[in-house]
file protein-v2.txt (compact mmCIF, C-alpha atoms)
# COMPACT_ATOMS: atom_id res chain seq x y z
CA MET A 6 -0.01 -21.37 -36.58
CA THR A 7 1.74 -23.21 -33.81
CA ASN A 8 2.18 -26.91 -34.35
CA ILE A 9 2.23 -29.74 -31.87
CA ASN A 10 5.97 -29.55 -31.32
CA ASP A 11 5.75 -25.92 -30.25
CA MET A 12 2.90 -26.70 -27.91
CA THR A 13 4.87 -29.53 -26.34
CA GLU A 14 7.86 -27.27 -25.96
CA PHE A 15 5.85 -24.54 -24.22
CA ALA A 16 4.27 -27.10 -21.91
CA LEU A 17 7.72 -28.44 -21.10
CA ILE A 18 9.05 -24.94 -20.43
CA LEU A 19 6.16 -24.29 -18.04
CA LEU A 20 6.61 -27.62 -16.26
CA SER A 21 10.34 -27.09 -16.08
CA THR A 22 10.20 -23.58 -14.65
CA ILE A 23 7.31 -24.24 -12.26
CA LEU A 24 8.48 -27.51 -10.73
CA VAL A 25 11.78 -28.95 -11.90
CA ASN A 26 13.89 -25.81 -12.09
CA ASN A 27 11.84 -23.78 -9.64
CA PHE A 28 13.60 -20.45 -9.31
CA VAL A 29 13.23 -20.14 -5.57
CA LEU A 30 13.74 -23.65 -4.28
CA VAL A 31 16.09 -25.12 -6.91
CA LYS A 32 17.95 -22.15 -8.35
CA PHE A 33 17.75 -20.15 -5.09
CA LEU A 34 16.80 -16.86 -6.74
CA GLY A 35 14.33 -14.38 -5.23
CA LEU A 36 14.82 -15.53 -1.66
CA CYS A 37 14.35 -12.03 -0.23
CA PRO A 38 10.62 -11.70 -1.01
CA PHE A 39 10.27 -15.44 -0.37
CA MET A 40 11.21 -14.89 3.27
CA GLY A 41 9.90 -11.35 3.57
CA VAL A 42 6.34 -11.52 2.23
CA SER A 43 5.40 -15.04 3.32
CA ARG A 44 4.03 -14.22 6.74
CA LYS A 45 0.44 -13.96 5.57
CA LEU A 46 -1.37 -15.88 2.87
CA GLU A 47 -3.13 -12.85 1.35
CA THR A 48 0.08 -10.84 1.08
CA ALA A 49 1.83 -13.81 -0.47
CA MET A 50 -0.91 -14.12 -3.09
CA GLY A 51 -0.78 -10.41 -3.86
CA MET A 52 2.98 -10.47 -4.11
CA GLY A 53 2.79 -13.57 -6.30
CA MET A 54 0.41 -11.85 -8.69
CA ALA A 55 2.43 -8.63 -8.82
CA THR A 56 5.63 -10.60 -9.43
CA ALA A 57 3.93 -12.70 -12.10
CA PHE A 58 2.91 -9.56 -13.94
CA VAL A 59 6.35 -7.98 -13.63
CA LEU A 60 8.27 -11.14 -14.53
CA THR A 61 6.27 -11.93 -17.65
CA LEU A 62 6.27 -8.37 -18.90
CA SER A 63 9.92 -7.75 -18.12
CA SER A 64 11.13 -10.99 -19.71
CA VAL A 65 9.26 -10.09 -22.91
CA CYS A 66 10.51 -6.50 -22.82
CA SER A 67 14.10 -7.50 -22.16
CA TYR A 68 13.92 -10.02 -25.00
CA LEU A 69 12.80 -7.24 -27.34
CA VAL A 70 15.48 -4.86 -26.07
CA ASN A 71 18.16 -7.50 -26.44
CA GLU A 72 17.03 -8.68 -29.86
CA TYR A 73 16.26 -5.37 -31.57
CA LEU A 74 18.45 -2.89 -29.74
CA LEU A 75 21.51 -4.52 -28.24
CA ALA A 76 22.26 -7.24 -30.78
CA PRO A 77 22.08 -5.06 -33.95
CA PHE A 78 24.41 -2.46 -32.44
CA GLY A 79 26.76 -5.05 -30.93
CA LEU A 80 26.11 -3.74 -27.43
CA GLU A 81 25.69 -7.07 -25.65
CA TYR A 82 28.01 -5.88 -22.89
CA LEU A 83 25.31 -3.40 -21.82
CA ARG A 84 22.84 -6.23 -21.24
CA THR A 85 22.77 -6.22 -17.45
CA ILE A 86 22.30 -2.49 -17.02
CA MET A 87 19.70 -2.39 -19.80
CA PHE A 88 17.75 -5.23 -18.24
CA ILE A 89 17.83 -3.52 -14.86
CA LEU A 90 16.47 -0.40 -16.54
CA VAL A 91 13.69 -2.42 -18.18
CA ILE A 92 12.81 -4.15 -14.91
CA ALA A 93 12.77 -0.88 -12.99
CA VAL A 94 10.38 0.64 -15.52
CA VAL A 95 8.06 -2.37 -15.49
CA VAL A 96 8.01 -2.34 -11.68
CA GLN A 97 7.20 1.38 -11.61
CA PHE A 98 4.43 0.79 -14.10
CA THR A 99 3.05 -2.11 -12.06
CA GLU A 100 3.15 0.00 -8.93
CA MET A 101 1.05 2.70 -10.59
CA VAL A 102 -1.45 0.15 -11.91
CA VAL A 103 -1.77 -1.58 -8.53
CA HIS A 104 -2.11 1.76 -6.73
CA LYS A 105 -4.92 2.70 -9.08
CA THR A 106 -6.75 -0.61 -9.25
CA SER A 107 -6.30 -1.97 -5.73
CA PRO A 108 -5.26 0.50 -3.00
CA VAL A 109 -5.70 -2.24 -0.38
CA LEU A 110 -3.22 -4.52 -2.11
CA TYR A 111 -0.95 -1.51 -2.57
CA ASN A 112 -0.95 -0.88 1.17
CA VAL A 113 -0.48 -4.55 2.01
CA LEU A 114 2.47 -5.02 -0.34
CA GLY A 115 4.02 -1.78 0.83
CA ILE A 116 7.76 -1.66 0.40
CA PHE A 117 7.91 -5.08 -1.28
CA LEU A 118 6.28 -3.77 -4.44
CA PRO A 119 9.17 -1.46 -5.40
CA LEU A 120 11.52 -4.13 -4.08
CA ILE A 121 10.51 -6.42 -6.97
CA THR A 122 13.11 -4.35 -8.84
CA THR A 123 15.82 -6.00 -6.82
CA ASN A 124 14.22 -9.44 -6.95
CA CYS A 125 17.08 -11.39 -8.47
CA ALA A 126 14.66 -13.90 -9.99
CA VAL A 127 13.43 -11.18 -12.36
CA LEU A 128 16.91 -10.30 -13.61
CA GLY A 129 17.84 -13.99 -13.54
CA VAL A 130 14.99 -14.90 -15.87
CA ALA A 131 15.89 -12.10 -18.29
CA LEU A 132 19.55 -13.13 -18.40
CA LEU A 133 18.78 -16.85 -18.64
CA ASN A 134 16.47 -16.13 -21.57
CA VAL A 135 19.42 -14.67 -23.45
CA GLN A 136 21.80 -17.37 -22.33
CA GLU A 137 19.50 -20.15 -23.51
CA GLN A 138 18.70 -18.25 -26.74
CA HIS A 139 14.95 -18.30 -26.22
CA GLY A 140 12.66 -16.81 -28.87
CA PHE A 141 9.88 -14.31 -28.19
CA LEU A 142 7.17 -16.75 -27.12
CA GLN A 143 9.66 -18.97 -25.35
CA SER A 144 10.85 -15.98 -23.31
CA ALA A 145 7.26 -15.09 -22.44
CA PHE A 146 6.50 -18.65 -21.32
CA TYR A 147 9.79 -18.92 -19.44
CA GLY A 148 9.02 -15.70 -17.55
CA PHE A 149 5.42 -16.69 -16.91
CA GLY A 150 6.42 -20.17 -15.76
CA ALA A 151 9.09 -18.77 -13.46
CA SER A 152 6.57 -16.40 -11.89
CA VAL A 153 3.97 -19.15 -11.47
CA GLY A 154 6.63 -21.29 -9.79
CA PHE A 155 7.59 -18.36 -7.59
CA SER A 156 3.97 -17.67 -6.63
CA LEU A 157 3.31 -21.36 -6.02
CA VAL A 158 6.11 -21.83 -3.52
CA LEU A 159 5.43 -18.41 -1.97
CA VAL A 160 1.79 -19.32 -1.31
CA LEU A 161 2.66 -22.82 -0.10
CA PHE A 162 5.33 -21.43 2.18
CA ALA A 163 3.03 -18.70 3.52
CA ALA A 164 0.36 -21.29 4.31
CA MET A 165 2.94 -23.34 6.19
CA ARG A 166 4.23 -20.33 8.09
CA GLU A 167 0.72 -19.39 9.16
CA ARG A 168 0.43 -22.82 10.73
CA LEU A 169 3.92 -22.66 12.20
CA GLU A 170 2.92 -19.40 13.86
CA VAL A 171 0.59 -21.26 16.19
CA ALA A 172 2.62 -24.45 16.42
CA ASP A 173 4.53 -25.35 19.56
CA VAL A 174 8.02 -24.67 18.23
CA PRO A 175 11.06 -24.82 20.55
CA VAL A 176 11.96 -21.30 21.66
CA ALA A 177 15.31 -21.29 19.88
CA PHE A 178 13.62 -22.10 16.54
CA LYS A 179 10.79 -19.57 16.77
CA GLY A 180 10.22 -17.13 13.91
CA ASN A 181 12.69 -16.95 11.06
CA ALA A 182 14.78 -19.92 12.18
CA ILE A 183 11.99 -22.46 11.74
CA ALA A 184 10.97 -20.67 8.53
CA LEU A 185 14.44 -21.16 7.06
CA ILE A 186 14.45 -24.82 8.09
CA THR A 187 11.02 -25.26 6.48
CA ALA A 188 12.31 -23.60 3.32
CA GLY A 189 15.22 -26.03 3.29
CA ILE A 190 12.91 -29.04 3.62
CA MET A 191 10.66 -27.63 0.88
CA SER A 192 13.72 -27.24 -1.30
CA LEU A 193 14.65 -30.87 -0.66
CA ALA A 194 11.15 -31.89 -1.68
CA PHE A 195 11.41 -29.90 -4.91
CA MET A 196 14.78 -31.50 -5.66
CA GLY A 197 12.73 -34.67 -6.06
CA PHE A 198 11.42 -33.28 -9.34
CA ALA A 199 14.94 -33.26 -10.81
CA GLY A 200 15.18 -35.54 -13.82
CA LEU A 201 11.40 -35.46 -14.38
CA ILE A 202 11.93 -33.79 -17.74
CA LYS A 203 14.95 -32.68 -19.69
CA LEU A 204 14.92 -29.72 -22.02
CA MET B 4 31.02 4.13 -27.23
CA THR B 5 28.89 6.84 -28.84
CA THR B 6 26.38 4.25 -30.06
CA ALA B 7 26.13 2.83 -26.58
CA LEU B 8 25.43 6.26 -25.11
CA ILE B 9 22.84 7.08 -27.75
CA VAL B 10 21.07 3.73 -27.38
CA LEU B 11 21.04 3.97 -23.60
CA ALA B 12 19.77 7.55 -23.68
CA ALA B 13 17.13 6.75 -26.28
CA LEU B 14 15.83 3.78 -24.33
CA ALA B 15 15.78 5.76 -21.09
CA GLY B 16 13.91 8.54 -22.90
CA ILE B 17 11.29 6.14 -24.28
CA PHE B 18 10.80 4.57 -20.87
CA GLY B 19 10.50 8.02 -19.33
CA LEU B 20 7.72 8.87 -21.79
CA ILE B 21 5.90 5.60 -21.05
CA LEU B 22 6.10 6.18 -17.30
CA GLY B 23 5.12 9.81 -17.65
CA TYR B 24 2.05 8.86 -19.67
CA SER B 25 1.02 6.12 -17.26
CA ALA B 26 1.50 8.46 -14.31
CA ILE B 27 -1.23 10.63 -15.84
CA ARG B 28 -3.32 7.72 -17.03
CA PHE B 29 -3.27 5.90 -13.68
CA LYS B 30 -3.43 8.99 -11.50
CA VAL B 31 -4.93 8.15 -8.12
CA GLU B 32 -8.09 10.09 -7.30
CA GLY B 33 -8.24 11.91 -4.03
CA ASP B 34 -5.54 13.98 -2.44
CA PRO B 35 -3.59 11.95 0.12
CA ILE B 36 -2.56 15.11 1.98
CA VAL B 37 -6.24 15.96 2.59
CA ASP B 38 -6.71 12.49 4.09
CA GLN B 39 -3.69 12.97 6.33
CA ILE B 40 -4.90 16.37 7.55
CA ASP B 41 -8.41 15.01 8.02
CA ALA B 42 -7.02 12.18 10.14
CA LEU B 43 -5.41 14.69 12.53
CA LEU B 44 -8.58 16.75 12.97
CA PRO B 45 -10.83 15.72 15.88
CA GLN B 46 -13.86 14.87 13.66
CA THR B 47 -16.28 16.78 15.86
CA GLN B 48 -17.84 18.29 12.70
CA CYS B 49 -18.59 21.32 14.89
CA GLY B 50 -18.05 23.97 12.25
CA GLN B 51 -16.20 26.31 14.63
CA CYS B 52 -13.49 26.65 12.00
CA THR B 53 -16.15 28.36 9.77
CA TYR B 54 -16.11 25.37 7.43
CA PRO B 55 -19.05 22.93 7.32
CA GLY B 56 -17.04 20.06 8.78
CA CYS B 57 -13.62 18.60 9.38
CA ARG B 58 -13.05 17.35 5.84
CA PRO B 59 -13.89 20.69 4.16
CA TYR B 60 -11.49 22.38 6.59
CA ALA B 61 -8.82 19.79 5.76
CA THR B 62 -9.34 20.50 2.05
CA ALA B 63 -9.06 24.25 2.71
CA ILE B 64 -5.80 23.75 4.65
CA ALA B 65 -4.41 21.57 1.87
CA ASN B 66 -5.26 24.25 -0.70
CA GLY B 67 -3.64 26.94 1.44
CA GLU B 68 -6.96 28.77 1.89
CA ALA B 69 -7.14 28.43 5.65
CA PRO B 70 -4.57 28.73 8.44
CA ILE B 71 -4.03 25.76 10.72
CA ASN B 72 -5.19 27.52 13.90
CA GLN B 73 -8.97 27.42 13.50
CA CYS B 74 -9.81 24.20 15.30
CA PRO B 75 -10.75 24.80 18.98
CA PRO B 76 -11.69 21.17 19.80
CA GLY B 77 -8.33 19.96 18.57
CA GLY B 78 -6.55 22.76 20.39
CA GLU B 79 -2.83 23.14 20.62
CA THR B 80 -2.06 19.45 20.06
CA THR B 81 -3.77 19.42 16.68
CA ILE B 82 -2.10 22.68 15.66
CA LEU B 83 1.32 21.28 16.51
CA GLN B 84 0.61 18.03 14.65
CA LEU B 85 -0.63 19.95 11.61
CA ALA B 86 2.44 22.20 11.69
CA ASP B 87 4.63 19.11 11.85
CA LEU B 88 2.82 17.44 8.95
CA LEU B 89 2.79 20.49 6.71
CA GLY B 90 6.21 21.82 7.67
CA VAL B 91 4.92 25.26 8.72
CA GLU B 92 5.30 27.32 11.88
CA PRO B 93 2.79 26.48 14.64
CA LEU B 94 0.32 29.31 15.38
CA GLU B 95 -1.68 30.26 18.43
CA LEU B 96 -5.31 29.12 18.36
CA ASN B 97 -7.39 31.85 16.70
CA PRO B 98 -9.68 33.29 19.46
CA GLU B 99 -12.35 34.15 16.86
CA ASN B 100 -13.02 30.46 16.37
CA GLY B 101 -13.44 29.76 20.07
CA ALA B 102 -11.40 28.63 23.00
CA GLU B 103 -10.00 25.20 23.68
CA SER B 104 -12.18 23.55 26.29
CA VAL B 105 -12.60 20.27 28.04
CA VAL B 106 -14.31 17.41 26.24
CA THR B 107 -18.06 17.52 26.80
CA VAL B 108 -21.12 15.61 25.70
CA ALA B 109 -24.65 16.92 25.25
CA VAL B 110 -27.29 15.69 27.68
CA ILE B 111 -30.97 16.37 27.04
CA ASP B 112 -33.10 17.15 30.07
CA GLU B 113 -35.79 14.64 29.20
CA GLU B 114 -38.37 16.19 31.54
CA ASN B 115 -38.41 19.41 29.56
CA CYS B 116 -37.92 18.15 26.01
CA ILE B 117 -40.95 18.97 23.87
CA GLY B 118 -39.94 16.81 20.89
CA CYS B 119 -39.42 19.59 18.38
CA THR B 120 -36.66 17.70 16.42
CA LEU B 121 -34.72 20.96 15.90
CA CYS B 122 -31.63 19.59 17.65
CA ILE B 123 -31.77 16.42 15.55
CA GLN B 124 -31.49 18.55 12.43
CA ALA B 125 -28.61 20.53 13.89
CA CYS B 126 -26.54 17.52 14.96
CA PRO B 127 -23.69 16.97 12.47
CA VAL B 128 -23.02 13.38 13.55
CA ASP B 129 -26.62 12.11 14.03
CA ALA B 130 -26.02 11.48 17.70
CA ILE B 131 -29.55 12.56 18.74
CA ILE B 132 -32.47 10.19 18.35
CA GLY B 133 -36.15 10.95 18.73
CA ALA B 134 -39.21 11.84 16.69
CA ALA B 135 -41.73 14.68 16.50
CA LYS B 136 -43.50 15.16 19.85
CA GLN B 137 -41.47 12.31 21.30
CA MET B 138 -38.78 12.80 23.87
CA HIS B 139 -35.24 13.00 22.37
CA THR B 140 -32.04 11.65 23.74
CA VAL B 141 -28.32 11.74 22.97
CA ILE B 142 -26.19 8.73 22.06
CA THR B 143 -23.28 9.58 24.31
CA ALA B 144 -20.79 7.47 22.40
CA GLU B 145 -21.55 9.34 19.17
CA CYS B 146 -21.69 12.89 20.57
CA THR B 147 -18.64 14.96 19.74
CA GLY B 148 -19.51 17.82 22.10
CA CYS B 149 -19.75 20.41 19.33
CA ASP B 150 -22.45 22.64 20.99
CA LEU B 151 -24.36 22.94 17.69
CA CYS B 152 -27.57 21.59 19.24
CA LEU B 153 -27.69 24.27 21.93
CA PRO B 154 -28.85 27.33 19.90
CA PRO B 155 -31.83 25.70 18.12
CA CYS B 156 -33.39 24.28 21.30
CA PRO B 157 -36.49 26.42 22.08
CA VAL B 158 -36.73 25.30 25.70
CA ASP B 159 -32.98 25.22 26.52
CA CYS B 160 -33.16 21.67 27.78
CA ILE B 161 -29.72 20.61 26.50
CA ASP B 162 -26.69 20.82 28.76
CA MET B 163 -23.07 20.27 27.90
CA VAL B 164 -21.60 17.99 30.56
CA PRO B 165 -17.85 17.38 30.84
CA VAL B 166 -16.89 13.78 30.16
CA LYS B 167 -15.78 12.06 33.32
CA SER B 168 -12.61 10.07 33.08
CA GLU B 169 -13.53 6.43 33.50
CA THR B 170 -11.86 3.16 32.73
CA SER B 171 -13.98 2.83 29.59
CA ASN B 172 -12.89 6.12 28.04
CA TRP B 173 -9.53 6.88 29.65
CA LYS B 174 -6.69 7.38 27.20
CA TRP B 175 -3.00 7.91 27.61
CA PRO B 176 -2.28 11.63 27.68
CA LEU B 177 -1.19 12.99 24.35
CA PRO B 178 2.53 13.66 23.90
CA ASP B 179 3.55 16.95 25.43
CA ARG B 180 4.83 19.94 23.51
CA VAL B 181 8.44 18.78 23.22
CA ASP B 182 7.42 15.58 21.45
CA ALA B 183 4.76 17.13 19.27
CA ALA B 184 6.84 20.14 18.20
CA PRO B 185 8.33 19.94 14.70
CA ARG B 186 11.70 18.28 14.75
CA ALA B 187 14.73 19.75 13.06
CA LYS B 188 14.90 18.31 9.58

call {"tool": "encode", "arguments": {"input": "protein-v2.txt", "output": "structure tokens"}}
result
Amino acid sequence: MTNINDMTEFALILLSTILVNNFVLVKFLGLCPFMGVSRKLETAMGMGMATAFVLTLSSVCSYLVNEYLLAPFGLEYLRTIMFILVIAVVVQFTEMVVHKTSPVLYNVLGIFLPLITTNCAVLGVALLNVQEQHGFLQSAFYGFGASVGFSLVLVLFAAMRERLEVADVPVAFKGNAIALITAGIMSLAFMGFAGLIKL
Amino acid sequence: MTTALIVLAALAGIFGLILGYSAIRFKVEGDPIVDQIDALLPQTQCGQCTYPGCRPYATAIANGEAPINQCPPGGETTILQLADLLGVEPLELNPENGAESVVTVAVIDEENCIGCTLCIQACPVDAIIGAAKQMHTVITAECTGCDLCLPPCPVDCIDMVPVKSETSNWKWPLPDRVDAAPRAK
């Protein structure tokens, strides 16, 4: 049975990964889908959900692989390639599930679904889990929190970009330029969370 | 070194099994190639290909039961597109299925229509409206010009009229043969 301390720790991990150490805006991981899939709100939500599934599952799987396969055999130097293998499999699996359950979402996500494989946030979470010596549940919460943080900023950013689309932006700033500036300002805002909690 | 190889191979093997199982478990219903072929066919549902409609013909092509040259309404353009999609040699349109003709719509001579409803039953796209002993008429926008309503009409009051090119229905001409021909892979 989990006691209060564990609960507090999980809550702190979630808060930390979602807001304080947000992977996109504070650690600057996963910027490719952040810029690529944020043109429309629905796509951003779909991508957020797909990434959440992949991130949580892959951080758990890579914890298991690291703990029960790499560590006993002293193969820690294979960590990166193993984790990439795990992530690729989870992404393939997710792609099949999404294709089966929601063909519309599958079409909307298009190339970005397989591209989750190369989303550096996914590999980053797996490697940081090892680096910070997280346990099984901690890894799961860390991955889940990271994906919630990713989805949160992705959806917020997509909503902003939809408005920017119709805003009267100077010609030189139209399109990706203003999007990058917006991302920078969002990042500044998220820096404000720094020091909120300390793990 | 050997351990590393074995562990890596074992893990890859397990993952392969998982993916292989889920590929069967989450198999997507419906054959995408049938959808692609169906999208190229003109959707006249005329049955000149000897199949009951465009989709059955698309299924037959996908299964390799029918050649790609049995669609007169689609004509040469459709044959070339199908050949490109399926990676086969384009064929001449099979004369047994009919000749490629201009786009027409059915028009019912309302003076002579006796309201027999036979053409309504023959129409594959429900483009004819009317009731027993009431005059029938054709919804021009729905009519695919398939000629199927002509034979059942007992008083021969249906005419096939070529569609005039107007601003409301004008389309860019389809790409000519050079563009539609299969490109070198």

call {"tool": "interface_residues", "arguments": {"input": "protein-v2.txt", "of": "chain A", "to": "chain B", "cutoff": "12 Å", "atoms": "all atoms listed in the file", "output": "JSON list (two decimals) with C-alpha atoms, in the frame of the given file"}}
result
[["chain", "number", "residue", "atom", "x", "y", "z"],
["A", 66, "CYS", "CA", 10.51, -6.50, -22.82],
["A", 67, "SER", "CA", 14.10, -7.50, -22.16],
["A", 69, "LEU", "CA", 12.80, -7.24, -27.34],
["A", 70, "VAL", "CA", 15.48, -4.86, -26.07],
["A", 71, "ASN", "CA", 18.16, -7.50, -26.44],
["A", 73, "TYR", "CA", 16.26, -5.37, -31.57],
["A", 74, "LEU", "CA", 18.45, -2.89, -29.74],
["A", 75, "LEU", "CA", 21.51, -4.52, -28.24],
["A", 76, "ALA", "CA", 22.26, -7.24, -30.78],
["A", 77, "PRO", "CA", 22.08, -5.06, -33.95],
["A", 78, "PHE", "CA", 24.41, -2.46, -32.44],
["A", 79, "GLY", "CA", 26.76, -5.05, -30.93],
["A", 80, "LEU", "CA", 26.11, -3.74, -27.43],
["A", 81, "GLU", "CA", 25.69, -7.07, -25.65],
["A", 82, "TYR", "CA", 28.01, -5.88, -22.89],
["A", 83, "LEU", "CA", 25.31, -3.40, -21.82],
["A", 84, "ARG", "CA", 22.84, -6.23, -21.24],
["A", 86, "ILE", "CA", 22.30, -2.49, -17.02],
["A", 87, "MET", "CA", 19.70, -2.39, -19.80],
["A", 88, "PHE", "CA", 17.75, -5.23, -18.24],
["A", 89, "ILE", "CA", 17.83, -3.52, -14.86],
["A", 90, "LEU", "CA", 16.47, -0.40, -16.54],
["A", 91, "VAL", "CA", 13.69, -2.42, -18.18],
["A", 92, "ILE", "CA", 12.81, -4.15, -14.91],
["A", 93, "ALA", "CA", 12.77, -0.88, -12.99],
["A", 94, "VAL", "CA", 10.38, 0.64, -15.52],
["A", 95, "VAL", "CA", 8.06, -2.37, -15.49],
["A", 96, "VAL", "CA", 8.01, -2.34, -11.68],
["A", 97, "GLN", "CA", 7.20, 1.38, -11.61],
["A", 98, "PHE", "CA", 4.43, 0.79, -14.10],
["A", 99, "THR", "CA", 3.05, -2.11, -12.06],
["A", 100, "GLU", "CA", 3.15, 0.00, -8.93],
["A", 101, "MET", "CA", 1.05, 2.70, -10.59],
["A", 102, "VAL", "CA", -1.45, 0.15, -11.91],
["A", 103, "VAL", "CA", -1.77, -1.58, -8.53],
["A", 104, "HIS", "CA", -2.11, 1.76, -6.73],
["A", 105, "LYS", "CA", -4.92, 2.70, -9.08],
["A", 106, "THR", "CA", -6.75, -0.61, -9.25],
["A", 107, "SER", "CA", -6.30, -1.97, -5.73],
["A", 108, "PRO", "CA", -5.26, 0.50, -3.00],
["A", 111, "TYR", "CA", -0.95, -1.51, -2.57]]

call {"tool": "closest_atom_pairs", "arguments": {"input": "protein-v2.txt", "of": "range 65-172 of chain A", "to": "range 179-200 of chain A", "cutoff": "8 Å", "atoms": "all atoms listed in the file", "output": "tab-separated table"}}
result
residue	atom	partner	partner_atom	distance
A:Phe162	CA	A:Ala188	CA	7.4
A:Arg166	CA	A:Ala184	CA	6.8
A:Glu170	CA	A:Gly180	CA	7.6

call {"tool": "closest_residue", "arguments": {"input": "protein-v2.txt", "among": "A:Leu17, A:Val153, A:Leu142, A:Val158", "to": "Leu36 in chain A", "atoms": "only C-alpha atoms"}}
result
A:Val158

call {"tool": "closest_residue", "arguments": {"input": "protein-v2.txt", "among": "B:Gln124, B:Thr5, B:Asn72, B:Thr140", "to": "Glu103 in chain B", "atoms": "all atoms listed in the file"}}
result
B:Asn72

call {"tool": "atom_distance", "arguments": {"input": "protein-v2.txt", "atom1": "CA of Asp159 in chain B", "atom2": "CA of Asn100 in chain B"}}
result
23.0 Å

call {"tool": "atom_distance", "arguments": {"input": "protein-v2.txt", "atom1": "CA of Ile131 in chain B", "atom2": "CA of Val166 in chain B"}}
result
17.1 Å

call {"tool": "atom_distance", "arguments": {"input": "protein-v2.txt", "atom1": "CA of Asn97 in chain B", "atom2": "CA of Thr143 in chain B"}}
result
28.4 Å

call {"tool": "residues_around", "arguments": {"input": "protein-v2.txt", "residues": "Gly53 in chain A", "least_positions_apart": "5", "cutoff": "8 Å", "atoms": "all atoms listed in the file", "output": "CSV table (one decimal) with C-alpha atoms, in the coordinates of the input"}}
result
chain,number,residue,atom,x,y,z
A,152,SER,CA,6.6,-16.4,-11.9
A,153,VAL,CA,4.0,-19.2,-11.5
A,155,PHE,CA,7.6,-18.4,-7.6
A,156,SER,CA,4.0,-17.7,-6.6
A,157,LEU,CA,3.3,-21.4,-6.0
A,159,LEU,CA,5.4,-18.4,-2.0
A,160,VAL,CA,1.8,-19.3,-1.3

call {"tool": "closest_residue", "arguments": {"input": "protein-v2.txt", "among": "B:Ala61, B:Ile40, B:Ala102, B:Val164", "to": "Leu85 in chain B", "atoms": "only C-alpha atoms"}}
result
B:Ile40

call {"tool": "closest_residue", "arguments": {"input": "protein-v2.txt", "among": "A:Ser21, A:Asn8, A:Ser64, A:Asn26", "to": "Gly140 in chain A", "atoms": "all atoms listed in the file"}}
result
A:Ser64

call {"tool": "closest_residue", "arguments": {"input": "protein-v2.txt", "among": "B:Ala13, B:Val105, B:Leu88, B:Ala65", "to": "Lys167 in chain B", "atoms": "only C-alpha atoms"}}
result
B:Val105

call {"tool": "residues_around", "arguments": {"input": "protein-v2.txt", "residues": "Leu96 in chain B", "least_positions_apart": "2", "cutoff": "9 Å", "atoms": "only C-alpha atoms", "output": "PDB file with C-alpha atoms, in the frame of the given file"}}
result
ATOM      1  CA  ILE B  71      -4.030  25.760  10.720  1.00  0.00           C
ATOM      2  CA  ASN B  72      -5.190  27.520  13.900  1.00  0.00           C
ATOM      3  CA  GLN B  73      -8.970  27.420  13.500  1.00  0.00           C
ATOM      4  CA  CYS B  74      -9.810  24.200  15.300  1.00  0.00           C
ATOM      5  CA  PRO B  75     -10.750  24.800  18.980  1.00  0.00           C
ATOM      6  CA  GLY B  78      -6.550  22.760  20.390  1.00  0.00           C
ATOM      7  CA  GLU B  79      -2.830  23.140  20.620  1.00  0.00           C
ATOM      8  CA  ILE B  82      -2.100  22.680  15.660  1.00  0.00           C
ATOM      9  CA  LEU B  94       0.320  29.310  15.380  1.00  0.00           C
ATOM     10  CA  PRO B  98      -9.680  33.290  19.460  1.00  0.00           C
ATOM     11  CA  GLU B  99     -12.350  34.150  16.860  1.00  0.00           C
ATOM     12  CA  ASN B 100     -13.020  30.460  16.370  1.00  0.00           C
ATOM     13  CA  GLY B 101     -13.440  29.760  20.070  1.00  0.00           C
ATOM     14  CA  ALA B 102     -11.400  28.630  23.000  1.00  0.00           C
ATOM     15  CA  GLU B 103     -10.000  25.200  23.680  1.00  0.00           C
TER      16      GLU B 103
END

call {"tool": "build_atoms", "arguments": {"input": "protein-v2.txt", "residues": "range 26-32 of chain B", "atoms": "N, CA, C and O atoms", "output": "CSV table (one decimal), keeping the file's coordinate frame"}}
result
chain,number,residue,atom,x,y,z
B,26,ALA,N,1.7,7.7,-15.5
B,26,ALA,CA,1.5,8.5,-14.3
B,26,ALA,C,0.3,9.3,-14.4
B,26,ALA,O,-0.5,9.5,-13.5
B,27,ILE,N,0.0,9.9,-15.6
B,27,ILE,CA,-1.2,10.6,-15.8
B,27,ILE,C,-2.4,9.7,-16.0
B,27,ILE,O,-3.5,9.9,-15.4
B,28,ARG,N,-2.2,8.6,-16.7
B,28,ARG,CA,-3.3,7.7,-17.0
B,28,ARG,C,-3.8,7.0,-15.8
B,28,ARG,O,-5.0,6.9,-15.5
B,29,PHE,N,-2.9,6.6,-14.9
B,29,PHE,CA,-3.3,5.9,-13.7
B,29,PHE,C,-3.2,6.8,-12.4
B,29,PHE,O,-2.9,6.3,-11.4
B,30,LYS,N,-3.5,8.1,-12.6
B,30,LYS,CA,-3.4,9.0,-11.5
B,30,LYS,C,-4.5,8.6,-10.5
B,30,LYS,O,-5.6,8.2,-10.8
B,31,VAL,N,-4.0,8.6,-9.2
B,31,VAL,CA,-4.9,8.2,-8.1
B,31,VAL,C,-5.8,9.3,-7.7
B,31,VAL,O,-5.3,10.4,-7.4
B,32,GLU,N,-7.1,9.0,-7.7
B,32,GLU,CA,-8.1,10.1,-7.3
B,32,GLU,C,-7.9,10.4,-5.8
B,32,GLU,O,-7.5,9.5,-5.0
